[in-house]
$ cat model23.tsv   # TSV, C-alpha atoms
chain	number	residue	atom	x	y	z
A	1	MET	CA	43.00	-26.41	55.34
A	2	THR	CA	42.56	-29.01	58.06
A	3	VAL	CA	44.56	-29.02	61.29
A	4	LEU	CA	44.67	-32.00	63.66
A	5	ALA	CA	46.61	-32.01	66.92
A	6	GLU	CA	47.01	-34.04	70.09
A	7	TYR	CA	46.96	-30.94	72.31
A	8	GLY	CA	45.78	-27.36	71.98
A	9	GLU	CA	45.83	-24.29	74.18
A	10	LEU	CA	44.19	-20.89	73.83
A	11	ILE	CA	47.04	-18.57	74.83
A	12	ASP	CA	45.42	-15.12	74.73
A	13	ASN	CA	41.62	-14.70	74.86
A	14	ASP	CA	41.70	-11.11	73.56
A	15	THR	CA	43.24	-11.94	70.18
A	16	GLY	CA	42.40	-15.62	69.93
A	17	ARG	CA	45.99	-16.82	69.70
A	18	PHE	CA	46.06	-20.62	69.63
A	19	CYS	CA	48.95	-23.04	70.09
A	20	LEU	CA	48.74	-26.66	68.95
A	21	GLN	CA	51.21	-29.46	69.69
A	22	GLN	CA	51.98	-32.78	68.00
A	23	GLY	CA	49.82	-32.65	64.91
A	24	VAL	CA	49.39	-32.38	61.16
A	25	VAL	CA	48.33	-29.56	58.81
A	26	GLN	CA	46.67	-30.67	55.57
A	27	ARG	CA	46.18	-28.18	52.71
A	28	GLN	CA	44.33	-28.91	49.50
A	29	GLN	CA	45.09	-26.74	46.46
A	30	VAL	CA	42.37	-26.53	43.81
A	31	THR	CA	44.92	-27.15	41.07
A	32	GLU	CA	46.50	-30.20	42.78
A	33	ARG	CA	45.10	-33.71	43.03
A	34	ASP	CA	46.78	-34.63	46.32
A	35	PRO	CA	46.84	-32.56	49.51
A	36	ALA	CA	50.07	-31.28	51.07
A	37	MET	CA	50.61	-32.54	54.60
A	38	VAL	CA	53.02	-31.13	57.18
A	39	LYS	CA	53.69	-32.77	60.54
A	40	PHE	CA	54.53	-30.39	63.40
A	41	ASP	CA	55.65	-30.50	67.02
A	42	ARG	CA	54.30	-27.02	67.79
A	43	TYR	CA	52.14	-24.71	65.66
A	44	ALA	CA	50.73	-21.33	66.75
A	45	PHE	CA	48.35	-19.09	64.84
A	46	ASP	CA	45.95	-16.18	65.26
A	47	LEU	CA	42.20	-16.94	65.27
A	48	SER	CA	41.07	-13.30	65.30
A	49	GLN	CA	40.37	-13.47	61.55
A	50	PHE	CA	37.47	-15.82	62.32
A	51	SER	CA	35.74	-13.67	64.94
A	52	GLY	CA	33.72	-10.47	64.72
A	53	GLY	CA	34.04	-7.99	61.90
A	54	PRO	CA	31.78	-7.45	58.88
A	55	ALA	CA	32.63	-10.71	57.14
A	56	GLY	CA	32.49	-13.01	60.16
A	57	GLY	CA	29.89	-12.61	62.83
A	58	GLU	CA	30.20	-13.95	66.33
A	59	VAL	CA	32.32	-17.08	66.83
A	60	PHE	CA	31.82	-18.98	70.05
A	61	ILE	CA	34.73	-20.49	71.98
A	62	ARG	CA	33.56	-24.04	71.14
A	63	GLU	CA	33.76	-23.23	67.41
A	64	ARG	CA	37.29	-21.86	67.74
$ encode --input "model23.tsv" --output "structure tokens"
Amino acid sequence: MTVLAEYGELIDNDTGRFCLQQGVVQRQQVTERDPAMVKFDRYAFDLSQFSGGPAGGEVFIRER
């Protein structure tokens, strides 16, 4: 998955909630030749899955 946006804002440092504005989400399925693309005005998601824990390791703010 690739996400591109004009603007982004980290809303809550504790959980890593992130809000993006004016962008595109591109998802590539292994079974599909072409990616699916969705244009959005506002898109919010939780980044906590990428930080800490046994599978992750430390993620720095620049990497988020």
$ atom_distance --input "model23.tsv" --atom1 "CA of Leu47 in chain A" --atom2 "CA of Asp34 in chain A"
26.3 Å
$ atom_distance --input "model23.tsv" --atom1 "CA of Gly8 in chain A" --atom2 "CA of Ala36 in chain A"
21.7 Å
$ atom_distance --input "model23.tsv" --atom1 "CA of Gln29 in chain A" --atom2 "CA of Phe45 in chain A"
20.2 Å
$ residues_around --input "model23.tsv" --residues "Val3 in chain A" --least-positions-apart "4" --cutoff "8 Å" --atoms "all atoms listed in the file" --output "short mmCIF file (atom, residue, chain, number, x, y, z; two decimals) with C-alpha atoms, in the coordinates of the input"
data_model
loop_
_atom_site.label_atom_id
_atom_site.label_comp_id
_atom_site.auth_asym_id
_atom_site.auth_seq_id
_atom_site.Cartn_x
_atom_site.Cartn_y
_atom_site.Cartn_z
CA GLY A 23 49.82 -32.65 64.91
CA VAL A 24 49.39 -32.38 61.16
CA VAL A 25 48.33 -29.56 58.81
CA GLN A 26 46.67 -30.67 55.57
#
$ closest_residue --input "model23.tsv" --among "A:Ser48, A:Thr31, A:Gln21, A:Asp41" --to "Glu9 in chain A" --atoms "only C-alpha atoms"
A:Gln21
$ closest_residue --input "model23.tsv" --among "A:Glu6, A:Ile11, A:Gln28, A:Met1" --to "Phe40 in chain A" --atoms "only C-alpha atoms"
A:Glu6
